[in-house]
$ cat target-v9.txt   # compact mmCIF, C-alpha atoms and all ligand atoms
# COMPACT_ATOMS: atom_id res chain seq x y z
CA MET X 26 101.43 71.82 59.67
CA ALA X 27 103.39 70.23 56.83
CA VAL X 28 102.09 67.00 55.37
CA GLU X 29 104.13 64.38 53.54
CA ARG X 30 103.68 63.89 49.80
CA PRO X 31 100.19 62.17 49.86
CA LEU X 32 98.53 65.33 48.55
CA ARG X 33 100.23 64.61 45.23
CA ASP X 34 99.49 60.88 45.23
CA PRO X 35 98.09 60.10 41.75
CA ARG X 36 96.06 57.22 43.24
CA ARG X 37 93.90 59.63 45.23
CA PRO X 38 90.59 60.47 43.54
CA PRO X 39 90.72 63.98 42.09
CA LEU X 40 89.33 66.84 44.15
CA ALA X 41 86.55 69.02 42.73
CA PHE X 42 87.14 72.77 42.60
CA HIS X 43 85.18 75.84 41.65
CA ALA X 44 87.00 78.97 40.51
CA ALA X 45 84.75 82.03 40.84
CA CYS X 46 85.11 85.03 38.51
CA PRO X 47 83.18 88.10 37.33
CA HIS X 48 80.27 87.29 34.99
CA GLY X 49 81.42 87.40 31.39
CA LEU X 50 84.94 86.09 32.06
CA GLU X 51 84.10 82.39 32.49
CA GLU X 52 85.53 81.34 29.10
CA SER X 53 88.69 83.39 29.58
CA LEU X 54 89.17 81.89 33.04
CA ALA X 55 88.69 78.37 31.66
CA ARG X 56 91.43 79.00 29.07
CA GLU X 57 93.74 80.35 31.78
CA LEU X 58 93.15 77.33 34.04
CA GLU X 59 93.58 74.95 31.12
CA ALA X 60 97.02 76.48 30.55
CA LEU X 61 97.77 75.47 34.16
CA GLY X 62 96.77 71.89 33.39
CA ALA X 63 93.11 71.83 34.50
CA SER X 64 90.26 70.42 32.46
CA CYS X 65 87.41 72.82 32.95
CA VAL X 66 83.66 73.19 32.65
CA PRO X 67 82.58 76.85 32.55
CA ALA X 68 79.48 77.65 34.61
CA ARG X 69 77.76 80.96 35.38
CA GLY X 70 80.13 83.12 37.43
CA GLY X 71 82.97 80.61 37.41
CA VAL X 72 84.57 77.41 36.23
CA ALA X 73 84.46 73.88 37.66
CA PHE X 74 87.64 71.82 37.44
CA GLU X 75 89.19 68.72 38.98
CA GLY X 76 92.68 67.92 40.15
CA ASP X 77 94.91 67.71 43.18
CA LEU X 78 95.80 70.34 45.74
CA ALA X 79 98.93 71.23 43.79
CA LEU X 80 96.69 72.38 40.93
CA ALA X 81 94.61 74.43 43.37
CA TYR X 82 97.75 76.05 44.83
CA ARG X 83 98.94 76.86 41.29
CA ALA X 84 95.56 78.33 40.37
CA ASN X 85 95.67 80.57 43.45
CA LEU X 86 99.20 81.71 42.70
CA ARG X 87 98.84 82.18 38.95
CA SER X 88 95.24 82.84 37.96
CA ARG X 89 94.74 86.49 37.04
CA ILE X 90 91.03 86.18 36.31
CA ALA X 91 89.67 84.08 39.22
CA SER X 92 88.29 85.84 42.30
CA ARG X 93 88.54 82.73 44.48
CA ILE X 94 89.40 79.05 44.30
CA LEU X 95 87.00 76.87 46.28
CA LEU X 96 87.26 73.18 47.11
CA ARG X 97 83.88 71.46 46.75
CA LEU X 98 83.27 69.09 49.64
CA ALA X 99 79.62 68.19 48.97
CA ARG X 100 76.92 68.56 46.34
CA GLU X 101 73.60 66.97 47.16
CA PRO X 102 69.88 67.47 46.72
CA TYR X 103 68.21 69.25 49.65
CA ARG X 104 64.73 70.34 50.57
CA ASN X 105 65.01 72.03 53.94
CA GLU X 106 67.45 73.26 56.59
CA ASP X 107 67.62 69.82 58.23
CA ASP X 108 69.00 68.44 54.96
CA LEU X 109 71.64 71.19 54.97
CA TYR X 110 72.60 70.27 58.55
CA ARG X 111 72.93 66.59 57.59
CA ILE X 112 74.95 67.33 54.43
CA ALA X 113 77.37 69.66 56.24
CA LYS X 114 77.74 67.34 59.23
CA ALA X 115 78.73 64.39 57.02
CA ILE X 116 81.87 66.23 55.83
CA ASP X 117 85.10 65.46 57.69
CA TRP X 118 85.97 69.03 58.61
CA THR X 119 88.70 67.90 61.02
CA ALA X 120 90.88 67.08 57.99
CA TRP X 121 90.98 70.82 57.25
CA PHE X 122 90.69 72.78 60.49
CA GLY X 123 90.33 72.16 64.18
CA PRO X 124 88.87 73.49 67.41
CA GLY X 125 91.71 75.98 67.93
CA GLN X 126 90.83 77.75 64.70
CA THR X 127 88.22 80.30 63.67
CA LEU X 128 85.49 79.88 61.09
CA ARG X 129 83.13 81.90 58.93
CA VAL X 130 80.22 80.55 56.89
CA ASP X 131 78.55 82.33 53.95
CA VAL X 132 75.56 81.09 51.99
CA THR X 133 74.31 82.30 48.62
CA GLY X 134 71.20 81.16 46.82
CA SER X 135 69.69 81.24 43.36
CA ARG X 136 66.05 80.11 43.20
CA SER X 137 66.45 78.34 46.55
CA PRO X 138 63.09 77.27 48.03
CA LEU X 139 64.31 78.20 51.53
CA ARG X 140 62.84 81.31 53.09
CA SER X 141 65.90 82.49 54.99
CA LEU X 142 69.51 82.21 53.88
CA ASN X 143 70.50 83.46 57.35
CA PHE X 144 68.85 80.47 58.95
CA ALA X 145 70.48 78.16 56.38
CA THR X 146 73.86 79.71 57.28
CA LEU X 147 73.18 79.08 60.97
CA ARG X 148 72.30 75.42 60.40
CA ILE X 149 75.43 74.81 58.32
CA LYS X 150 77.59 76.55 60.90
CA ASP X 151 75.97 74.44 63.69
CA ALA X 152 76.63 71.25 61.72
CA ILE X 153 80.34 72.09 61.30
CA VAL X 154 80.76 73.09 64.94
CA ASP X 155 78.87 69.99 66.18
CA MET X 156 80.89 67.68 63.94
CA ILE X 157 84.21 69.05 65.20
CA ARG X 158 83.06 69.06 68.84
CA GLU X 159 81.86 65.45 68.65
CA ARG X 160 85.12 64.39 67.04
CA THR X 161 87.57 66.39 69.18
CA GLY X 162 85.70 67.46 72.34
CA ASP X 163 86.13 71.15 71.51
CA ARG X 164 84.63 73.59 69.01
CA PRO X 165 86.04 76.19 66.61
CA SER X 166 84.96 79.77 67.26
CA ILE X 167 83.38 82.14 64.78
CA ASP X 168 85.31 85.10 63.40
CA THR X 169 83.65 86.98 60.58
CA ARG X 170 86.57 89.39 60.01
CA ARG X 171 89.72 87.28 59.73
CA PRO X 172 88.67 83.64 59.93
CA ASP X 173 91.22 80.84 59.57
CA ALA X 174 88.74 78.82 57.55
CA ARG X 175 85.95 80.07 55.36
CA VAL X 176 83.09 77.89 54.20
CA PHE X 177 80.76 78.85 51.36
CA ALA X 178 77.53 77.09 50.49
CA HIS X 179 75.52 77.70 47.37
CA LEU X 180 71.88 76.68 47.22
CA ASP X 181 70.16 76.36 43.88
CA GLU X 182 66.64 75.17 43.25
CA ARG X 183 67.46 71.55 44.11
CA GLU X 184 71.07 71.10 45.13
CA ALA X 185 73.27 72.38 47.94
CA SER X 186 77.01 72.69 47.27
CA VAL X 187 79.38 73.15 50.19
CA TYR X 188 82.85 74.56 49.59
CA LEU X 189 85.97 75.26 51.58
CA ASP X 190 87.65 78.47 50.48
CA LEU X 191 91.33 78.11 49.57
CA SER X 192 92.05 81.75 48.71
CA GLY X 193 91.36 83.81 51.85
CA GLU X 194 91.36 87.42 50.68
CA PRO X 195 89.84 87.53 47.19
CA LEU X 196 92.43 86.91 44.49
CA PHE X 197 92.05 90.32 42.86
CA LYS X 198 93.89 91.64 45.91
CA ARG X 199 97.40 91.17 44.62
CA GLY X 200 99.07 92.79 47.62
CA TRP X 201 100.35 95.94 45.89
CA ARG X 202 97.43 98.35 46.26
CA GLN X 203 97.53 100.62 49.29
CA ARG X 204 94.43 100.97 51.42
CA ASP X 205 94.01 104.68 50.61
CA ASP X 206 94.40 104.06 46.87
CA LYS X 207 90.75 104.26 46.04
CA GLY X 208 91.53 106.47 43.03
CA GLU X 209 88.60 107.34 40.81
CA ALA X 210 86.93 103.93 40.85
CA PRO X 211 89.91 101.64 40.12
CA LEU X 212 89.07 98.43 38.33
CA LYS X 213 89.43 95.18 40.20
CA GLU X 214 92.67 93.57 39.12
CA ASN X 215 90.99 90.40 37.85
CA LEU X 216 88.55 92.39 35.72
CA ALA X 217 91.51 94.33 34.27
CA ALA X 218 93.21 91.02 33.45
CA GLY X 219 89.94 89.81 31.89
CA LEU X 220 89.80 92.88 29.62
CA LEU X 221 93.31 92.10 28.38
CA ALA X 222 92.31 88.48 27.74
CA LEU X 223 89.11 89.42 25.86
CA ALA X 224 91.05 92.00 23.84
CA GLY X 225 93.48 89.24 22.87
CA TRP X 226 96.45 91.44 23.80
CA GLN X 227 99.82 89.69 23.56
CA PRO X 228 102.88 90.93 25.50
CA GLN X 229 104.85 91.65 22.33
CA GLN X 230 102.21 94.18 21.17
CA PRO X 231 102.22 97.84 22.27
CA LEU X 232 99.53 98.54 24.87
CA PHE X 233 98.07 101.95 25.75
CA ASP X 234 95.54 102.96 28.42
CA PRO X 235 94.70 106.66 27.91
CA PHE X 236 92.48 106.75 31.08
CA CYS X 237 94.85 104.74 33.24
CA GLY X 238 93.87 106.12 36.69
CA SER X 239 95.71 104.03 39.27
CA GLY X 240 97.28 101.91 36.50
CA THR X 241 95.45 98.62 37.08
CA ILE X 242 95.24 97.45 33.44
CA LEU X 243 98.85 98.42 32.73
CA ILE X 244 100.22 96.79 35.87
CA GLU X 245 98.44 93.52 35.05
CA ALA X 246 99.85 93.69 31.52
CA ALA X 247 103.40 94.51 32.64
CA GLN X 248 103.31 91.66 35.14
CA ILE X 249 102.22 89.30 32.36
CA ALA X 250 105.04 90.57 30.13
CA ARG X 251 107.60 90.21 32.92
CA GLY X 252 106.39 86.76 34.01
CA ILE X 253 105.35 87.94 37.50
CA ALA X 254 102.76 85.60 39.03
CA PRO X 255 99.89 87.70 40.47
CA GLY X 256 99.94 85.95 43.86
CA LEU X 257 103.66 86.18 44.61
CA SER X 258 103.34 88.96 47.17
CA ARG X 259 100.31 87.83 49.17
CA ARG X 260 99.15 85.07 51.51
CA PHE X 261 96.38 82.53 50.89
CA GLY X 262 93.68 80.87 52.93
CA PHE X 263 95.09 77.38 52.30
CA GLU X 264 98.23 78.35 54.24
CA ARG X 265 96.14 78.35 57.43
CA LEU X 266 94.49 74.97 56.90
CA LEU X 267 95.66 71.76 58.55
CA ARG X 268 96.28 70.01 55.26
CA PHE X 269 98.82 72.57 54.11
CA ASP X 270 101.71 71.10 52.15
CA GLU X 271 104.43 73.61 52.96
CA ALA X 272 107.11 71.91 50.88
CA LEU X 273 104.90 71.78 47.79
CA TRP X 274 103.98 75.44 48.24
CA ALA X 275 107.63 76.43 48.63
CA ASP X 276 108.42 74.59 45.35
CA LEU X 277 105.63 76.36 43.49
CA ARG X 278 106.67 79.79 44.80
CA ALA X 279 110.33 79.16 44.01
CA GLN X 280 109.40 78.24 40.44
CA ALA X 281 107.35 81.45 40.08
CA GLN X 282 110.18 83.49 41.58
CA GLY X 283 112.60 81.98 39.05
CA GLU X 284 110.26 82.99 36.21
CA MET X 285 110.10 86.53 37.62
CA GLN X 286 113.91 86.73 37.68
CA ALA X 287 114.06 85.47 34.12
CA GLY X 288 111.49 88.08 32.99
CA ARG X 289 113.30 91.09 34.50
CA GLU X 290 114.94 92.09 31.25
CA ALA X 291 111.68 92.12 29.25
CA ARG X 292 110.99 95.61 27.89
CA PRO X 293 107.30 95.63 27.01
CA ALA X 294 105.86 98.64 25.15
CA ILE X 295 103.22 99.56 27.74
CA PHE X 296 101.99 103.14 28.15
CA GLY X 297 99.45 104.98 30.27
CA ALA X 298 98.04 108.48 30.36
CA ASP X 299 95.51 110.33 32.48
CA ILE X 300 94.43 113.95 32.71
CA ASP X 301 94.95 113.92 36.48
CA PRO X 302 98.60 114.29 37.61
CA ALA X 303 97.72 112.79 41.03
CA ALA X 304 96.42 109.63 39.31
CA ILE X 305 99.66 109.32 37.34
CA ALA X 306 101.72 109.71 40.55
CA GLN X 307 99.59 107.01 42.16
CA ALA X 308 99.94 104.71 39.15
CA ARG X 309 103.74 105.08 39.18
CA ALA X 310 103.85 104.25 42.90
CA ASN X 311 101.57 101.24 42.33
CA ALA X 312 103.81 99.94 39.53
CA GLN X 313 106.78 100.17 41.91
CA ARG X 314 104.96 98.25 44.62
CA ALA X 315 103.93 95.64 42.04
CA GLY X 316 107.60 94.86 41.48
CA LEU X 317 107.87 96.57 38.10
CA GLY X 318 110.57 99.20 38.69
CA ASP X 319 110.58 102.43 36.67
CA ASP X 320 110.98 101.12 33.18
CA ALA X 321 108.13 98.67 32.57
CA ILE X 322 105.40 101.28 31.93
CA GLY X 323 105.70 104.75 30.37
CA PHE X 324 103.32 107.24 32.04
CA ALA X 325 102.24 110.71 30.91
CA VAL X 326 99.72 113.34 31.97
CA ALA X 327 97.50 113.91 28.93
CA ASP X 328 93.96 114.84 27.97
CA CYS X 329 92.21 112.29 25.77
CA ARG X 330 90.99 115.12 23.55
CA GLN X 331 94.58 115.66 22.41
CA LEU X 332 95.55 112.00 22.32
CA GLU X 333 98.66 110.92 20.38
CA PRO X 334 99.87 107.34 19.91
CA PRO X 335 102.79 106.53 22.24
CA THR X 336 104.55 104.34 19.63
CA ASP X 337 105.13 104.35 15.87
CA THR X 338 103.98 100.74 15.65
CA PRO X 339 100.23 100.20 16.04
CA GLY X 340 99.08 98.29 19.10
CA THR X 341 96.10 97.83 21.38
CA ILE X 342 94.25 100.37 23.52
CA VAL X 343 92.48 98.93 26.57
CA CYS X 344 90.73 101.36 28.91
CA ASN X 345 87.69 102.28 30.95
CA PRO X 346 86.90 105.97 30.55
CA PRO X 347 84.55 107.72 32.92
CA TYR X 348 80.98 107.64 31.67
CA GLY X 349 78.81 110.31 33.12
CA GLU X 350 76.81 108.30 35.62
CA ARG X 351 79.74 107.31 37.78
CA ILE X 352 82.44 109.92 37.39
CA ASP X 353 82.54 113.05 35.32
CA VAL X 354 85.06 113.45 32.56
CA ALA X 355 87.63 116.08 33.38
CA GLY X 356 87.29 118.94 30.94
CA GLY X 357 83.54 119.13 30.91
CA ASP X 358 80.82 117.70 28.77
CA TYR X 359 80.82 113.89 28.42
CA ASP X 360 79.31 113.80 24.91
CA ALA X 361 81.76 116.41 23.58
CA THR X 362 84.74 114.62 25.16
CA MET X 363 83.75 111.25 23.65
CA LEU X 364 83.21 112.88 20.26
CA ALA X 365 86.70 114.45 20.47
CA LEU X 366 88.19 111.11 21.59
CA GLY X 367 86.58 109.35 18.63
CA GLN X 368 88.04 111.95 16.27
CA ARG X 369 91.53 111.50 17.77
CA LEU X 370 91.27 107.72 17.48
CA LYS X 371 90.20 107.90 13.83
CA ALA X 372 92.78 110.52 12.90
CA GLY X 373 95.84 109.32 14.82
CA PHE X 374 95.49 105.61 15.57
CA GLY X 375 95.20 103.90 12.17
CA GLY X 376 96.06 100.20 12.49
CA TRP X 377 95.32 100.11 16.25
CA GLU X 378 92.56 98.21 18.02
CA ALA X 379 90.74 99.94 20.86
CA TRP X 380 88.89 98.03 23.59
CA VAL X 381 86.75 100.24 25.79
CA LEU X 382 84.83 99.11 28.89
CA SER X 383 81.84 101.31 29.56
CA GLY X 384 78.45 101.32 31.20
CA ASP X 385 77.31 103.59 28.38
CA ARG X 386 75.58 101.46 25.73
CA GLN X 387 75.63 104.42 23.36
CA LEU X 388 79.42 104.77 23.45
CA PRO X 389 80.03 103.69 19.80
CA ARG X 390 77.47 106.26 18.65
CA ARG X 391 79.12 108.96 20.76
CA LEU X 392 82.59 108.08 19.42
CA ARG X 393 81.12 107.82 15.92
CA ILE X 394 82.90 104.47 15.44
CA ARG X 395 81.09 101.20 14.87
CA GLU X 396 82.21 98.39 17.16
CA LYS X 397 83.61 95.14 15.76
CA ARG X 398 82.99 93.09 18.93
CA LYS X 399 80.98 93.56 22.11
CA PHE X 400 81.26 91.54 25.34
CA PRO X 401 78.80 91.95 28.22
CA LEU X 402 80.64 92.28 31.54
CA TYR X 403 79.93 93.44 35.05
CA ASN X 404 82.17 96.04 36.68
CA GLY X 405 81.01 95.36 40.27
CA PRO X 406 77.22 95.83 40.09
CA ILE X 407 77.38 97.92 36.88
CA ASP X 408 76.18 96.25 33.71
CA CYS X 409 78.88 97.14 31.16
CA ARG X 410 80.02 96.33 27.67
CA LEU X 411 83.58 95.87 26.47
CA PHE X 412 83.45 97.39 22.98
CA GLY X 413 86.16 96.39 20.50
CA PHE X 414 86.92 98.87 17.69
CA GLU X 415 89.19 98.33 14.73
CA LEU X 416 90.82 101.61 13.66
CA PHE X 417 91.78 101.64 10.03
CA ALA X 418 94.92 103.22 8.68
CA PRO X 419 94.05 105.93 6.13
CA THR X 420 94.28 104.57 2.58
CA PRO X 421 97.20 106.24 0.77
CA LEU X 422 96.05 108.41 -2.11
CA GLY X 423 96.57 107.46 -5.71
C1 LIG X 501 87.21 105.04 35.62
S1 LIG X 501 88.74 105.83 35.86
C2 LIG X 501 89.91 104.65 35.28
C3 LIG X 501 90.31 103.72 36.38
C4 LIG X 501 91.49 102.85 36.03
N1 LIG X 501 91.19 101.86 35.02
C5 LIG X 501 91.98 102.16 37.29
O1 LIG X 501 91.88 100.94 37.39
O2 LIG X 501 92.43 102.86 38.20
C6 LIG X 501 88.76 107.06 34.61
C7 LIG X 501 89.99 107.94 34.59
O3 LIG X 501 89.86 108.84 33.49
C8 LIG X 501 90.50 110.06 33.83
N2 LIG X 501 89.99 111.12 32.96
C9 LIG X 501 88.85 111.82 33.08
N3 LIG X 501 88.74 112.71 32.06
C10 LIG X 501 89.83 112.55 31.26
C11 LIG X 501 90.28 113.16 30.05
N4 LIG X 501 89.59 114.16 29.48
N5 LIG X 501 91.46 112.73 29.52
C12 LIG X 501 92.18 111.72 30.12
N6 LIG X 501 91.81 111.16 31.28
C13 LIG X 501 90.64 111.54 31.84
C14 LIG X 501 90.21 110.25 35.30
O4 LIG X 501 91.19 111.08 35.88
C15 LIG X 501 90.23 108.80 35.82
O5 LIG X 501 91.48 108.49 36.37

$ encode --input "target-v9.txt" --output "structure tokens" --more "lines below"
Ligand SMILES: C[S@@+](CC[C@H](N)C(=O)[O-])C[C@H]1O[C@@H](n2cnc3c(N)ncnc32)[C@H](O)[C@@H]1O
Amino acid sequence: MAVERPLRDPRRPPLAFHAACPHGLEESLARELEALGASCVPARGGVAFEGDLALAYRANLRSRIASRILLRLAREPYRNEDDLYRIAKAIDWTAWFGPGQTLRVDVTGSRSPLRSLNFATLRIKDAIVDMIRERTGDRPSIDTRRPDARVFAHLDEREASVYLDLSGEPLFKRGWRQRDDKGEAPLKENLAAGLLALAGWQPQQPLFDPFCGSGTILIEAAQIARGIAPGLSRRFGFERLLRFDEALWADLRAQAQGEMQAGREARPAIFGADIDPAAIAQARANAQRAGLGDDAIGFAVADCRQLEPPTDTPGTIVCNPPYGERIDVAGGDYDATMLALGQRLKAGFGGWEAWVLSGDRQLPRRLRIREKRKFPLYNGPIDCRLFGFELFAPTPLG
């Protein structure tokens, strides 16, 4: 249902949003949202910001680092499940969805005094259903698989926050990955974008991922270089809500499409290699589906133990090699492979920076290169580090 302009009325009080992201990327996400016009407060696992729905639509369409954009509808002290029922029932849900639509509720807690999050979920769901039934005479039904509306609540020690999800499928699903493309543990797209942000890579610099697998890091980078908004080929949760401003959304998409057209001629120096020819074939197909054509990324089958720089000009390496615990390195022994990689980096990549995500805390020792920076990050449940190495050009003799 389209709504007339009021969603952009500057006299309306601003809405409160929470953008969720992987731990360790909060500051990078805040900078990204600030570039979209938000003023942000980083929190653990995300960023709080205020604005209108147009800002939230833009964040969904353009944020590379957020996993979801949530609209906060309540934040109040609570002590028990009855408080949760009261808080959730006081929200005017009928402004967002109605009895003909389906609903899912999820509750998370950190140091919540409540004994059962399942029971808390049930009480919040009851409150929403009761509120809509009392107001309209009918109730929404529950659908946990493909709900029209998704409500999240977060319970901390004292306060309950209730959110309406605006994203639908998590934002790292850009719409280009095929279901069977599980590769060898592909990175989530928003983590890949976060690595590029932490590495400080700029589109005019050469980029190389020598363990590119399905190509996630390179595809994110090439889309940045070509001005392709990450959400252009997917749908969003807000499109199914009653207060959906179709005209505004069409404007925002048209603007992003114009930027994509304008970026088509960009020729970034982005390169990927992997020892596995099947991974390279998959990465090429993924780049095609991500709207990048054949010429945005140069791919090659190569073993990291014989690594050569893909350009004469130094640039930035960003990668996540296998690290023993999760997947074995092709070619045998992990320690020996990392030692050989370190030797190649020192011998052939003078003037480059290398940023390596790994769950192996001993990686710098194995590469025999001391790190210049180190960022803690989670790759799913795995506690990782992004190590930044500066590779020095050999000093000319005499
Ligand atoms: C953790 S995966 C990288 C996933 C990738 N970032 C993605 O998002 O799809 C590690 C990759 O390293 C590759 N690999 C393993 N041993 C290698 C070696 N000796 N040289 C180059 N690549 C290797 C594997 O084939 C695998 O694709």

$ closest_atom_pairs --input "target-v9.txt" --of "segment 185-244 of chain X" --to "segment 133-146 of chain X" --cutoff "12 Å" --atoms "all atoms listed in the file" --output "tab-separated table"
residue	atom	partner	partner_atom	distance
X:Ala185	CA	X:Gly134	CA	9.1
X:Ser186	CA	X:Thr133	CA	10.1
X:Val187	CA	X:Thr133	CA	10.6
X:Tyr188	CA	X:Thr133	CA	11.6

$ residues_around --input "target-v9.txt" --residues "Pro172 of chain X" --least-positions-apart "6" --cutoff "12 Å" --atoms "all atoms listed in the file" --output "PyMOL selection string"
chain X and resi 122+125-131+165-166+190+192-194+261-263+265-266

$ atom_distance --input "target-v9.txt" --atom1 "atom CA of Gly200 of chain X" --atom2 "atom CA of Ala310 of chain X"
13.3 Å

$ residues_around --input "target-v9.txt" --residues "segment 390-407 of chain X" --least-positions-apart "6" --cutoff "6 Å" --atoms "all atoms listed in the file" --output "list in words"
Gly49, Met363, Leu364, Gly367, Gly413 and Phe414 of chain X

$ closest_atom_pairs --input "target-v9.txt" --of "chain X" --to "ligand LIG 501 (chain X)" --cutoff "6 Å" --atoms "only C-alpha atoms and all ligand atoms" --output "Markdown table"
| residue | atom | partner | partner_atom | distance |
| --- | --- | --- | --- | --- |
| X:Glu209 | CA | X:LIG501 | S1 | 5.2 |
| X:Ala210 | CA | X:LIG501 | C1 | 5.4 |
| X:Pro211 | CA | X:LIG501 | O2 | 3.4 |
| X:Leu212 | CA | X:LIG501 | O1 | 3.9 |
| X:Phe236 | CA | X:LIG501 | O3 | 4.1 |
| X:Cys237 | CA | X:LIG501 | C4 | 4.8 |
| X:Gly238 | CA | X:LIG501 | O5 | 3.4 |
| X:Ser239 | CA | X:LIG501 | O2 | 3.6 |
| X:Gly240 | CA | X:LIG501 | O2 | 5.2 |
| X:Thr241 | CA | X:LIG501 | O1 | 4.3 |
| X:Asp299 | CA | X:LIG501 | N6 | 4.0 |
| X:Ile300 | CA | X:LIG501 | N6 | 4.1 |
| X:Asp301 | CA | X:LIG501 | O4 | 4.8 |
| X:Ala304 | CA | X:LIG501 | O5 | 5.9 |
| X:Ala327 | CA | X:LIG501 | C12 | 5.9 |
| X:Asp328 | CA | X:LIG501 | N5 | 3.6 |
| X:Cys329 | CA | X:LIG501 | N5 | 3.8 |
| X:Asn345 | CA | X:LIG501 | N1 | 5.4 |
| X:Pro346 | CA | X:LIG501 | C6 | 4.6 |
| X:Pro347 | CA | X:LIG501 | C6 | 4.6 |
| X:Val354 | CA | X:LIG501 | N3 | 3.8 |
| X:Ala355 | CA | X:LIG501 | N3 | 3.8 |
| X:Gly356 | CA | X:LIG501 | N4 | 5.5 |

$ write_last_selection --input "target-v9.txt" --atoms "C-alpha atoms" --output "PDB file, keeping the file's coordinate frame"
ATOM      1  CA  GLU X 209      88.600 107.340  40.810  1.00  0.00           C
ATOM      2  CA  ALA X 210      86.930 103.930  40.850  1.00  0.00           C
ATOM      3  CA  PRO X 211      89.910 101.640  40.120  1.00  0.00           C
ATOM      4  CA  LEU X 212      89.070  98.430  38.330  1.00  0.00           C
ATOM      5  CA  PHE X 236      92.480 106.750  31.080  1.00  0.00           C
ATOM      6  CA  CYS X 237      94.850 104.740  33.240  1.00  0.00           C
ATOM      7  CA  GLY X 238      93.870 106.120  36.690  1.00  0.00           C
ATOM      8  CA  SER X 239      95.710 104.030  39.270  1.00  0.00           C
ATOM      9  CA  GLY X 240      97.280 101.910  36.500  1.00  0.00           C
ATOM     10  CA  THR X 241      95.450  98.620  37.080  1.00  0.00           C
ATOM     11  CA  ASP X 299      95.510 110.330  32.480  1.00  0.00           C
ATOM     12  CA  ILE X 300      94.430 113.950  32.710  1.00  0.00           C
ATOM     13  CA  ASP X 301      94.950 113.920  36.480  1.00  0.00           C
ATOM     14  CA  ALA X 304      96.420 109.630  39.310  1.00  0.00           C
ATOM     15  CA  ALA X 327      97.500 113.910  28.930  1.00  0.00           C
ATOM     16  CA  ASP X 328      93.960 114.840  27.970  1.00  0.00           C
ATOM     17  CA  CYS X 329      92.210 112.290  25.770  1.00  0.00           C
ATOM     18  CA  ASN X 345      87.690 102.280  30.950  1.00  0.00           C
ATOM     19  CA  PRO X 346      86.900 105.970  30.550  1.00  0.00           C
ATOM     20  CA  PRO X 347      84.550 107.720  32.920  1.00  0.00           C
ATOM     21  CA  VAL X 354      85.060 113.450  32.560  1.00  0.00           C
ATOM     22  CA  ALA X 355      87.630 116.080  33.380  1.00  0.00           C
ATOM     23  CA  GLY X 356      87.290 118.940  30.940  1.00  0.00           C
TER      24      GLY X 356
END

$ closest_residue --input "target-v9.txt" --among "X:Arg87, X:Val343, X:Thr119, X:Arg175" --to "Gln248 of chain X" --atoms "all atoms listed in the file"
X:Arg87

$ atom_distance --input "target-v9.txt" --atom1 "atom CA of Phe197 of chain X" --atom2 "atom CA of Gly76 of chain X"
22.6 Å

$ axis_aligned_box --input "target-v9.txt" --around "segment 43-58 of chain X" --padding-each-side "8 Å" --output "JSON"
{"center_x": 87.0, "center_y": 82.0, "center_z": 35.4, "size_x": 29.5, "size_y": 28.3, "size_z": 28.6}

$ residues_around --input "target-v9.txt" --residues "Ile149 of chain X" --least-positions-apart "4" --cutoff "9 Å" --atoms "all atoms listed in the file" --output "list in words"
Glu106, Leu109, Tyr110, Arg111, Ile112, Ala113, Lys114, Val130, Val132, Phe144, Ala145, Ile153, Val154 and Ala178 of chain X

$ residues_near_point --input "target-v9.txt" --point "(104.3, 96.5, 23.1)" --cutoff "7 Å" --atoms "all atoms listed in the file" --output "PDB file with C-alpha atoms, in the frame of the given file"
ATOM      1  CA  PRO X 228     102.880  90.930  25.500  1.00  0.00           C
ATOM      2  CA  GLN X 229     104.850  91.650  22.330  1.00  0.00           C
ATOM      3  CA  GLN X 230     102.210  94.180  21.170  1.00  0.00           C
ATOM      4  CA  PRO X 231     102.220  97.840  22.270  1.00  0.00           C
ATOM      5  CA  LEU X 232      99.530  98.540  24.870  1.00  0.00           C
ATOM      6  CA  PRO X 293     107.300  95.630  27.010  1.00  0.00           C
ATOM      7  CA  ALA X 294     105.860  98.640  25.150  1.00  0.00           C
ATOM      8  CA  ILE X 295     103.220  99.560  27.740  1.00  0.00           C
ATOM      9  CA  GLY X 340      99.080  98.290  19.100  1.00  0.00           C
TER      10      GLY X 340
END

$ atom_distance --input "target-v9.txt" --atom1 "atom CA of Cys409 of chain X" --atom2 "atom CA of Ser383 of chain X"
5.4 Å

$ closest_residue --input "target-v9.txt" --among "X:Cys344, X:Leu216, X:Ala325, X:Leu95" --to "Ala306 of chain X" --atoms "all atoms listed in the file"
X:Ala325

$ closest_residue --input "target-v9.txt" --among "X:Ala321, X:Ala84, X:Leu277, X:Leu221" --to "Ile342 of chain X" --atoms "all atoms listed in the file"
X:Leu221

$ closest_residue --input "target-v9.txt" --among "X:Asp360, X:Met156, X:Leu78, X:Ala217" --to "Glu271 of chain X" --atoms "all atoms listed in the file"
X:Leu78
